[in-house]
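Undergrad: Handing over upload.txt, compact mmCIF, C-alpha atoms.
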# COMPACT_ATOMS: atom_id res chain seq x y z
CA VAL V 1 185.31 65.80 82.89
CA ARG V 2 185.94 63.19 80.17
CA SER V 3 187.36 65.56 77.53
CA PHE V 4 189.34 68.78 77.37
CA PHE V 5 189.04 71.14 74.43
CA ILE V 6 192.28 72.80 73.35
CA GLY V 7 191.20 74.99 70.47
CA PRO V 8 189.87 72.66 67.75
CA VAL V 9 191.48 69.62 69.40
CA THR V 10 189.62 67.33 71.83
CA PHE V 11 191.82 65.56 74.38
CA GLN V 12 190.68 62.59 76.48
CA PRO V 13 193.04 61.99 79.43
CA SER V 14 191.54 58.56 80.13
CA GLU V 15 192.94 57.30 76.81
CA VAL V 16 196.45 58.44 77.65
CA SER V 17 196.10 56.89 81.13
CA LYS V 18 196.15 53.42 79.53
CA LEU V 19 199.53 54.02 77.96
CA ALA V 20 200.86 55.74 81.07
CA MET V 21 199.73 52.83 83.26
CA ILE V 22 201.52 50.32 81.03
CA VAL V 23 204.79 52.25 81.38
CA VAL V 24 204.42 52.78 85.14
CA LEU V 25 203.55 49.15 85.88
CA ALA V 26 206.34 47.84 83.65
CA ALA V 27 208.86 49.99 85.52
CA TYR V 28 207.40 48.89 88.89
CA PHE V 29 207.41 45.16 88.10
CA GLU V 30 210.90 45.41 86.63
CA ARG V 31 212.24 46.98 89.81
CA PHE V 32 210.28 45.13 92.51
CA GLU V 33 209.69 41.42 92.99
CA ILE V 34 205.99 40.75 92.48
CA ARG V 35 206.22 37.50 94.46
CA LYS V 36 206.31 39.58 97.65
CA GLY V 37 202.93 40.59 99.01
CA ARG V 38 203.86 44.19 99.74
CA HIS V 39 204.84 44.75 96.12
CA VAL V 40 201.58 43.23 94.92
CA LEU V 41 199.76 45.74 97.09
CA GLY V 42 202.03 48.54 95.89
CA SER V 43 201.25 47.86 92.25
CA LEU V 44 197.55 47.55 93.08
CA ALA V 45 197.65 50.93 94.79
CA LEU V 46 199.01 52.50 91.62
CA VAL V 47 196.30 51.09 89.39
CA LEU V 48 193.46 51.63 91.88
CA VAL V 49 194.27 55.34 92.12
CA ALA V 50 194.11 55.61 88.34
CA MET V 51 190.88 53.59 88.22
CA ALA V 52 189.28 55.80 90.86
CA LEU V 53 190.16 58.96 88.94
CA VAL V 54 188.79 57.52 85.69
CA LEU V 55 185.59 56.40 87.43
CA ARG V 56 185.03 59.97 88.54
CA GLN V 57 184.75 61.11 84.90
CA PRO V 58 182.74 58.68 84.73
CA ASP V 59 184.34 56.06 82.45
CA LEU V 60 183.68 52.54 83.72
CA SER V 61 185.00 50.72 80.64
CA THR V 62 188.42 52.39 80.83
CA ALA V 63 188.61 51.73 84.57
CA LEU V 64 187.98 48.02 84.02
CA LEU V 65 190.51 47.97 81.17
CA LEU V 66 193.15 49.44 83.49
CA GLY V 67 192.44 46.60 85.88
CA ALA V 68 192.83 44.08 83.04
CA ILE V 69 196.17 45.64 82.08
CA TRP V 70 197.39 45.24 85.67
CA ALA V 71 196.25 41.60 85.77
CA GLY V 72 197.98 40.67 82.51
CA MET V 73 201.24 42.38 83.43
CA ALA V 74 201.19 41.02 86.99
CA PHE V 75 200.80 37.44 85.76
CA THR V 76 203.67 37.98 83.33
CA ALA V 77 205.82 39.40 86.13
CA GLY V 78 205.24 36.23 88.19
CA LEU V 79 202.20 36.82 90.40
CA ARG V 80 201.87 33.84 92.76
CA LEU V 81 198.74 31.68 92.97
CA PRO V 82 198.20 32.32 96.72
CA HIS V 83 198.13 36.04 95.98
CA VAL V 84 195.68 35.42 93.13
CA ALA V 85 193.37 33.50 95.44
CA LEU V 86 193.56 36.20 98.10
CA LEU V 87 192.95 38.97 95.59
CA SER V 88 189.97 37.10 94.16
CA VAL V 89 188.29 37.17 97.56
CA PHE V 90 188.50 40.96 97.62
CA ALA V 91 188.04 41.53 93.87
CA ALA V 92 184.54 40.04 93.70
CA PRO V 93 182.89 42.45 96.17
CA MET V 94 184.89 45.37 94.74
CA LEU V 95 183.68 44.59 91.22
CA ALA V 96 180.12 44.21 92.49
CA PHE V 97 180.42 47.63 94.16
CA MET V 98 181.74 49.21 90.94
CA LEU V 99 178.75 47.81 89.05
CA SER V 100 176.22 48.76 91.73
CA ALA V 101 173.68 51.56 91.57
CA ASP V 102 175.72 53.50 94.15
CA VAL V 103 178.58 53.93 91.68
CA LEU V 104 176.97 53.76 88.24
CA GLU V 105 175.31 56.80 86.77
CA GLN V 106 171.62 56.56 85.85
CA TYR V 107 172.39 56.46 82.11
CA GLN V 108 174.78 53.55 82.71
CA LEU V 109 172.07 51.62 84.55
CA ARG V 110 169.67 52.28 81.69
CA ARG V 111 172.26 50.96 79.25
CA VAL V 112 172.42 47.69 81.19
CA LEU V 113 168.62 47.41 81.14
CA ALA V 114 168.56 48.15 77.39
CA TRP V 115 171.22 45.49 76.85
CA LEU V 116 169.07 42.93 78.66
CA ASP V 117 165.94 44.00 76.74
CA PRO V 118 166.43 46.55 73.92
CA SER V 119 162.68 46.65 73.28
CA ILE V 120 161.99 48.50 76.55
CA ASP V 121 162.97 51.80 74.90
CA PRO V 122 163.59 51.23 71.16
CA GLY V 123 163.52 54.93 70.34
CA GLY V 124 165.76 55.99 73.23
CA ILE V 125 168.37 54.13 75.23
CA GLY V 126 167.78 50.90 73.28
CA PHE V 127 168.12 52.55 69.85
CA GLN V 128 171.81 51.73 69.44
CA ASN V 129 171.38 48.15 70.65
CA LEU V 130 168.67 47.41 68.10
CA HIS V 131 170.23 49.07 65.08
CA THR V 132 173.72 47.64 65.54
CA LEU V 133 172.17 44.17 65.57
CA ILE V 134 170.09 45.00 62.48
CA ALA V 135 173.21 46.26 60.71
CA VAL V 136 175.24 43.15 61.55
CA GLY V 137 172.37 40.84 60.61
CA SER V 138 171.71 42.66 57.34
CA GLY V 139 175.28 42.06 56.18
CA GLY V 140 174.92 38.31 56.02
CA VAL V 141 177.94 36.43 54.71
CA GLY V 142 179.17 38.74 51.96
CA GLY V 143 177.67 42.09 52.92
CA VAL V 144 175.36 44.43 51.04
CA GLY V 145 178.19 46.22 49.28
CA PHE V 146 180.49 49.14 49.99
CA ALA V 147 178.56 52.32 50.92
CA ARG V 148 175.23 50.54 50.36
CA GLY V 149 174.26 49.76 53.93
CA LEU V 150 170.75 50.90 54.80
CA GLN V 151 171.58 51.30 58.49
CA SER V 152 174.95 53.02 58.06
CA GLN V 153 174.19 55.17 55.01
CA GLY V 154 170.62 55.89 56.09
CA GLY V 155 171.67 57.48 59.36
CA TRP V 156 170.21 54.75 61.57
CA LEU V 157 173.55 53.68 62.98
CA PRO V 158 174.77 56.05 65.72
CA LEU V 159 178.49 56.72 66.22
CA MET V 160 179.16 55.04 62.89
CA HIS V 161 182.74 56.27 62.52
CA THR V 162 183.84 55.59 66.10
CA ASP V 163 182.24 53.12 68.52
CA ASN V 164 180.11 51.32 65.90
CA ILE V 165 182.63 51.13 63.08
CA PHE V 166 182.58 47.32 63.26
CA ALA V 167 178.80 47.31 62.68
CA LEU V 168 179.38 49.32 59.48
CA VAL V 169 182.01 46.81 58.33
CA ALA V 170 179.73 43.87 59.15
CA GLU V 171 176.81 45.39 57.25
CA GLU V 172 178.64 46.44 54.11
CA LEU V 173 181.30 43.70 53.93
CA GLY V 174 179.44 40.96 55.77
CA PHE V 175 180.76 38.15 57.94
CA VAL V 176 183.74 37.72 55.62
CA GLY V 177 184.78 41.37 55.92
CA GLY V 178 184.30 41.40 59.68
CA ALA V 179 186.29 38.18 60.07
CA VAL V 180 189.15 39.53 57.93
CA LEU V 181 189.27 42.71 60.01
CA LEU V 182 189.41 40.72 63.25
CA LEU V 183 192.13 38.49 61.82
CA LEU V 184 194.20 41.54 60.92
CA LEU V 185 193.79 43.00 64.40
CA GLY V 186 194.58 39.60 65.91
CA PHE V 187 197.73 39.47 63.80
CA VAL V 188 198.84 42.81 65.29
CA VAL V 189 198.27 41.47 68.83
CA LEU V 190 200.21 38.29 68.03
CA ARG V 191 203.11 40.35 66.69
CA VAL V 192 203.14 42.38 69.89
CA LEU V 193 203.29 39.15 71.92
CA ARG V 194 206.08 37.92 69.67
CA ALA V 195 207.95 41.13 70.42
CA ALA V 196 207.51 40.36 74.12
CA ALA V 197 209.08 36.93 73.61
CA ALA V 198 211.96 38.44 71.63
CA SER V 199 212.68 41.15 74.20
CA ARG V 200 216.17 41.10 75.64
CA ASP V 201 215.05 42.30 79.08
CA ARG V 202 212.19 42.04 81.55
CA LEU V 203 211.11 45.66 81.11
CA GLY V 204 210.64 45.28 77.37
CA ALA V 205 208.63 42.08 77.76
CA LEU V 206 206.34 43.69 80.31
CA LEU V 207 205.77 46.72 78.10
CA CYS V 208 204.78 44.50 75.17
CA VAL V 209 202.46 42.36 77.29
CA GLY V 210 200.77 45.51 78.60
CA VAL V 211 200.25 46.76 75.05
CA ALA V 212 198.86 43.37 73.97
CA VAL V 213 196.35 43.30 76.84
CA TYR V 214 195.33 46.89 76.09
CA LEU V 215 194.74 46.21 72.39
CA LEU V 216 193.00 42.88 72.98
CA GLY V 217 190.76 44.41 75.64
CA GLN V 218 189.73 47.30 73.39
CA ILE V 219 188.97 44.94 70.50
CA ALA V 220 186.98 42.52 72.66
CA VAL V 221 184.87 45.24 74.29
CA ASN V 222 184.19 47.15 71.06
CA VAL V 223 183.14 44.07 69.10
CA GLY V 224 181.29 42.68 72.11
CA VAL V 225 179.17 45.83 72.35
CA VAL V 226 178.37 45.77 68.63
CA LEU V 227 177.31 42.11 68.84
CA GLN V 228 175.34 42.83 72.03
CA LEU V 229 177.47 40.51 74.10
CA LEU V 230 178.20 43.47 76.41
CA PRO V 231 176.24 46.59 77.43
CA VAL V 232 176.80 49.72 75.36
CA THR V 233 179.95 51.57 76.36
CA GLY V 234 182.19 54.03 74.58
CA VAL V 235 185.25 52.02 73.52
CA SER V 236 186.89 52.55 70.15
CA LEU V 237 188.25 49.86 67.83
CA PRO V 238 192.05 50.31 67.69
CA PHE V 239 193.42 51.63 64.38
CA VAL V 240 189.96 51.51 62.77
CA SER V 241 187.75 54.00 64.64
CA TYR V 242 187.98 57.63 63.57
CA GLY V 243 191.05 59.45 65.04
CA GLY V 244 191.43 61.45 68.21
CA SER V 245 193.04 60.52 71.52
CA SER V 246 192.30 56.82 71.03
CA LEU V 247 194.21 56.61 67.75
CA VAL V 248 197.15 58.59 69.14
CA THR V 249 197.29 56.28 72.16
CA ALA V 250 197.16 53.13 70.02
CA LEU V 251 199.95 54.43 67.79
CA GLY V 252 201.96 55.40 70.86
CA ALA V 253 201.54 51.85 72.18
CA ILE V 254 202.89 50.42 68.93
CA GLY V 255 205.75 52.90 69.22
CA LEU V 256 206.64 51.35 72.58
CA VAL V 257 206.72 47.91 71.00
CA GLN V 258 208.94 49.19 68.21
CA ALA V 259 211.32 50.62 70.79
CA VAL V 260 211.52 47.21 72.45
CA LEU V 261 212.24 45.51 69.12
CA LEU V 262 215.07 47.93 68.40
CA ARG V 263 216.80 46.70 71.57
CA ARG V 264 216.54 42.97 70.80
CA PRO V 265 219.73 41.01 70.08
CA SER V 266 220.78 41.19 66.44
CA LEU V 267 221.10 37.97 64.40
CA THR V 268 224.57 36.68 63.61
CA PHE V 269 225.66 34.98 60.41
CA GLY V 270 224.37 31.42 60.16
CA GLU V 271 221.78 31.90 62.91
CA ARG V 272 218.14 31.10 62.17
What would you get if you wrote out this structure as structure tokens?
TA:
Amino acid sequence: VRSFFIGPVTFQPSEVSKLAMIVVLAAYFERFEIRKGRHVLGSLALVLVAMALVLRQPDLSTALLLGAIWAGMAFTAGLRLPHVALLSVFAAPMLAFMLSADVLEQYQLRRVLAWLDPSIDPGGIGFQNLHTLIAVGSGGVGGVGFARGLQSQGGWLPLMHTDNIFALVAEELGFVGGAVLLLLLGFVVLRVLRAAAASRDRLGALLCVGVAVYLLGQIAVNVGVVLQLLPVTGVSLPFVSYGGSSLVTALGAIGLVQAVLLRRPSLTFGER
């Protein structure tokens, strides 16, 4: 089950799992030395359990994002190159298995086929692929104007307020508007990384790196799907897509970064 309904509120546990995994891994890497093989395996066990549970929903994109969060935080914690090489040997067949027909649902396989050739089913599984590209292409450099997009305002763009919000921006505000939005989101990620550098302890730095990887991964996948660089998958654009569990999780992640910044050393007089 991907969502729980609590009265009028829809709750997606997979979204909260990203934030929870950042906290758990930060605490683990802060306590245990990642340069030791048994602690590498211990941290992997934590994330693989979470990935397996998310895959059962099924939610492949979130499962892969959890893996990316582990990788970014593990490298920051000091993962050794021999361990990287050894993990790469096992990661390749594991990733191939996750993307195989034995694990993927039929609709996920059809999404991959539609990504490779949207014309195979333009009125069905390829509908979103075609119309997001039309929306982005229609925007040109300066866009067609606010609330004047034929694809977005005409009802041809599915999930306009959530997964395809970037296509709406690209159509109505053009390349310039899309670039400005990405620059703003990139600025947020850079500020999170700056908070990691300013952290007074290892735990705070790891928390900030985890948040940066989470935000960057969400942005890359969402925009990649809209531009047809990746198969269609349900990933929201942080702080831009319409509310829900995703927005709460993103704001909670920024709250973690703010907590880290509150603990940084204060400046003294005459210090730059």
Undergrad: Would you mind reading off the distance between CA of Pro13 in chain V and CA of Val54 in chain V, one decimal, in Å?
TA: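 So the answer is 8.8 Å.
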Undergrad: Taking all atoms listed in the file into account, name the residue in V:Gly174, V:Ala212, V:Leu46, V:Gly155 that is nearest to Arg191 in chain V.
TA: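 Among the listed residues, the smallest separation from Arg191 in chain V belongs to V:Ala212.
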Undergrad: Check the smallest atom-to-atom distance from each of V:Val257, V:Val235, V:Val192, V:Leu109 to Asp163 in chain V using only C-alpha atoms, then report the winner.
TA: V:Val235
Undergrad: Which one of V:Thr62, V:Asn129, V:Ser17, V:Ser246 sits closest to Gly224 in chain V if you count all atoms listed in the file?
TA: V:Asn129
Undergrad: Quick one, how far is CA of Leu203 in chain V from CA of Val84 in chain V?
TA: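 CA of Leu203 in chain V sits 22.1 Å away from CA of Val84 in chain V.
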Undergrad: What separation in Å, quoted to one decimal, exists between CA of Thr249 in chain V and CA of Ala96 in chain V?
TA: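 Taking CA of Thr249 in chain V and CA of Ala96 in chain V, their separation equals 29.2 Å.
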Undergrad: Using only C-alpha atoms, pick whichever of V:Gly67, V:Asp117, V:Pro58, V:Val40 has the shortest atom-to-atom distance to Leu79 in chain V.
TA: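 Closest to Leu79 in chain V of all the choices is V:Val40.
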Undergrad: Identify, on the basis of only C-alpha atoms, every residue whose closest approach to Leu193 in chain V does not exceed 12 Å; exclude the query and any residue fewer than 4 positions from it along the same chain; express the result as a ChimeraX atom specification.
TA: /V:72,76,186-189,197-199,204-216,254,257,260-261
Undergrad: May I have the residues within 12 Å of Glu15 in chain V as a ChimeraX atom specification, using only C-alpha atoms and disregarding those fewer than 2 positions away in the same chain?
TA: /V:2-3,10-13,17-22,50,54,59,61-63,65-66,214,218,234-236,238,244-253
Undergrad: Skipping near chain neighbours, those fewer than 5 positions away, what residues fall within 12 Å of Gly154 in chain V using all atoms listed in the file, listed as an mmCIF file with C-alpha atoms, in the coordinates of the input?
TA:
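Saved the output as out_4.cif:
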data_model
loop_
_atom_site.group_PDB
_atom_site.id
_atom_site.type_symbol
_atom_site.label_atom_id
_atom_site.label_comp_id
_atom_site.auth_asym_id
_atom_site.auth_seq_id
_atom_site.Cartn_x
_atom_site.Cartn_y
_atom_site.Cartn_z
ATOM 1 C CA HIS V 131 170.230 49.070 65.080
ATOM 2 C CA ALA V 135 173.210 46.260 60.710
ATOM 3 C CA ALA V 147 178.560 52.320 50.920
ATOM 4 C CA ARG V 148 175.230 50.540 50.360
ATOM 5 C CA GLY V 149 174.260 49.760 53.930
ATOM 6 C CA MET V 160 179.160 55.040 62.890
ATOM 7 C CA LEU V 168 179.380 49.320 59.480
#
Undergrad: Hey, which of V:Val232, V:Val144, V:Ala259, V:Leu81 ends up closest to Gln128 in chain V? Count only C-alpha atoms.
TA: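 Using only C-alpha atoms, the shortest distance to Gln128 in chain V belongs to V:Val232.
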Undergrad: Which residue out of V:Leu157, V:Lys36, V:Val240, V:Pro82 has the minimum interatomic distance to Leu184 in chain V when all atoms listed in the file are used?
TA: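 Ranking V:Leu157, V:Lys36, V:Val240, V:Pro82 by distance to Leu184 in chain V, first place goes to V:Val240.
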Undergrad: Axis-aligned box over every listed atom of range 166-185 of chain V, padded by 6 Å per side: centre and edges in Å to one decimal, as lines of an AutoDock Vina configuration file?
TA:
center_x = 185.5
center_y = 43.5
center_z = 59.2
size_x = 29.4
size_y = 23.6
size_z = 22.5
Undergrad: If we count all atoms listed in the file and set the cut-off at 12 Å, which residues sit around Ala167 in chain V, ignoring sequence neighbours fewer than 6 positions away in its own chain? Please answer as a PyMOL selection string.
TA: chain V and resi 128-140+143+149-153+156-161+173-175+177-178+181+222-228+237+240-241
Undergrad: Just so I have it separately, write range 226-261 of chain V from the block I sent, keeping N, CA and C atoms, as an mmCIF file, in the first residue's frame.
TA:
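result.cif was written with the following content:
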data_model
loop_
_atom_site.group_PDB
_atom_site.id
_atom_site.type_symbol
_atom_site.label_atom_id
_atom_site.label_comp_id
_atom_site.auth_asym_id
_atom_site.auth_seq_id
_atom_site.Cartn_x
_atom_site.Cartn_y
_atom_site.Cartn_z
ATOM 1 N N VAL V 226 10.323 14.751 -16.843
ATOM 2 C CA VAL V 226 9.629 15.733 -17.680
ATOM 3 C C VAL V 226 10.336 15.905 -19.023
ATOM 4 N N LEU V 227 11.657 15.900 -19.014
ATOM 5 C CA LEU V 227 12.433 16.067 -20.245
ATOM 6 C C LEU V 227 12.656 14.750 -20.979
ATOM 7 N N GLN V 228 12.047 13.676 -20.477
ATOM 8 C CA GLN V 228 12.145 12.355 -21.095
ATOM 9 C C GLN V 228 13.566 11.810 -21.113
ATOM 10 N N LEU V 229 14.351 12.215 -20.144
ATOM 11 C CA LEU V 229 15.667 11.627 -19.944
ATOM 12 C C LEU V 229 15.573 10.360 -19.115
ATOM 13 N N LEU V 230 14.446 10.181 -18.411
ATOM 14 C CA LEU V 230 14.191 9.024 -17.562
ATOM 15 C C LEU V 230 12.766 8.543 -17.803
ATOM 16 N N PRO V 231 12.494 7.249 -17.538
ATOM 17 C CA PRO V 231 11.116 6.757 -17.658
ATOM 18 C C PRO V 231 10.201 7.446 -16.654
ATOM 19 N N VAL V 232 8.920 7.471 -16.961
ATOM 20 C CA VAL V 232 7.942 8.116 -16.083
ATOM 21 C C VAL V 232 7.913 7.433 -14.733
ATOM 22 N N THR V 233 8.015 8.223 -13.685
ATOM 23 C CA THR V 233 7.907 7.721 -12.321
ATOM 24 C C THR V 233 7.364 8.843 -11.448
ATOM 25 N N GLY V 234 6.716 8.480 -10.379
ATOM 26 C CA GLY V 234 6.051 9.469 -9.541
ATOM 27 C C GLY V 234 6.959 10.089 -8.509
ATOM 28 N N VAL V 235 7.713 11.118 -8.899
ATOM 29 C CA VAL V 235 8.591 11.842 -7.979
ATOM 30 C C VAL V 235 8.252 13.322 -8.053
ATOM 31 N N SER V 236 8.016 13.925 -6.922
ATOM 32 C CA SER V 236 7.622 15.333 -6.882
ATOM 33 C C SER V 236 8.846 16.239 -6.949
ATOM 34 N N LEU V 237 8.606 17.501 -7.301
ATOM 35 C CA LEU V 237 9.659 18.510 -7.323
ATOM 36 C C LEU V 237 9.629 19.240 -5.979
ATOM 37 N N PRO V 238 10.703 19.129 -5.187
ATOM 38 C CA PRO V 238 10.685 19.689 -3.826
ATOM 39 C C PRO V 238 10.307 21.163 -3.791
ATOM 40 N N PHE V 239 9.402 21.501 -2.870
ATOM 41 C CA PHE V 239 8.955 22.862 -2.587
ATOM 42 C C PHE V 239 8.101 23.483 -3.700
ATOM 43 N N VAL V 240 7.925 22.768 -4.814
ATOM 44 C CA VAL V 240 7.176 23.323 -5.939
ATOM 45 C C VAL V 240 5.901 22.518 -6.194
ATOM 46 N N SER V 241 6.005 21.195 -6.181
ATOM 47 C CA SER V 241 4.830 20.355 -6.398
ATOM 48 C C SER V 241 3.807 20.569 -5.293
ATOM 49 N N TYR V 242 2.546 20.371 -5.651
ATOM 50 C CA TYR V 242 1.436 20.564 -4.715
ATOM 51 C C TYR V 242 1.608 19.691 -3.478
ATOM 52 N N GLY V 243 1.393 20.248 -2.299
ATOM 53 C CA GLY V 243 1.558 19.713 -0.950
ATOM 54 C C GLY V 243 1.556 18.231 -0.699
ATOM 55 N N GLY V 244 1.114 17.831 0.464
ATOM 56 C CA GLY V 244 1.071 16.437 0.836
ATOM 57 C C GLY V 244 2.316 15.990 1.573
ATOM 58 N N SER V 245 2.508 14.664 1.624
ATOM 59 C CA SER V 245 3.616 14.077 2.376
ATOM 60 C C SER V 245 4.968 14.548 1.857
ATOM 61 N N SER V 246 5.067 14.742 0.534
ATOM 62 C CA SER V 246 6.337 15.168 -0.051
ATOM 63 C C SER V 246 6.756 16.540 0.455
ATOM 64 N N LEU V 247 5.817 17.477 0.492
ATOM 65 C CA LEU V 247 6.138 18.824 0.964
ATOM 66 C C LEU V 247 6.494 18.815 2.447
ATOM 67 N N VAL V 248 5.757 18.066 3.238
ATOM 68 C CA VAL V 248 6.046 17.974 4.668
ATOM 69 C C VAL V 248 7.441 17.394 4.894
ATOM 70 N N THR V 249 7.794 16.377 4.105
ATOM 71 C CA THR V 249 9.113 15.760 4.242
ATOM 72 C C THR V 249 10.215 16.729 3.856
ATOM 73 N N ALA V 250 10.025 17.458 2.754
ATOM 74 C CA ALA V 250 11.035 18.431 2.322
ATOM 75 C C ALA V 250 11.226 19.525 3.365
ATOM 76 N N LEU V 251 10.132 20.010 3.931
ATOM 77 C CA LEU V 251 10.235 21.036 4.970
ATOM 78 C C LEU V 251 10.881 20.476 6.230
ATOM 79 N N GLY V 252 10.574 19.216 6.546
ATOM 80 C CA GLY V 252 11.220 18.575 7.689
ATOM 81 C C GLY V 252 12.724 18.442 7.480
ATOM 82 N N ALA V 253 13.130 18.154 6.235
ATOM 83 C CA ALA V 253 14.553 18.053 5.919
ATOM 84 C C ALA V 253 15.252 19.393 6.120
ATOM 85 N N ILE V 254 14.616 20.472 5.675
ATOM 86 C CA ILE V 254 15.190 21.801 5.888
ATOM 87 C C ILE V 254 15.236 22.129 7.380
ATOM 88 N N GLY V 255 14.245 21.640 8.125
ATOM 89 C CA GLY V 255 14.264 21.823 9.573
ATOM 90 C C GLY V 255 15.474 21.167 10.208
ATOM 91 N N LEU V 256 15.868 19.995 9.716
ATOM 92 C CA LEU V 256 17.088 19.340 10.208
ATOM 93 C C LEU V 256 18.315 20.209 9.956
ATOM 94 N N VAL V 257 18.386 20.770 8.761
ATOM 95 C CA VAL V 257 19.525 21.630 8.425
ATOM 96 C C VAL V 257 19.558 22.856 9.327
ATOM 97 N N GLN V 258 18.400 23.427 9.582
ATOM 98 C CA GLN V 258 18.328 24.583 10.470
ATOM 99 C C GLN V 258 18.800 24.229 11.879
ATOM 100 N N ALA V 259 18.453 23.031 12.328
ATOM 101 C CA ALA V 259 18.901 22.585 13.645
ATOM 102 C C ALA V 259 20.421 22.461 13.694
ATOM 103 N N VAL V 260 21.009 21.998 12.599
ATOM 104 C CA VAL V 260 22.472 21.896 12.530
ATOM 105 C C VAL V 260 23.101 23.286 12.580
ATOM 106 N N LEU V 261 22.519 24.237 11.841
ATOM 107 C CA LEU V 261 23.064 25.593 11.811
ATOM 108 C C LEU V 261 22.985 26.268 13.169
#
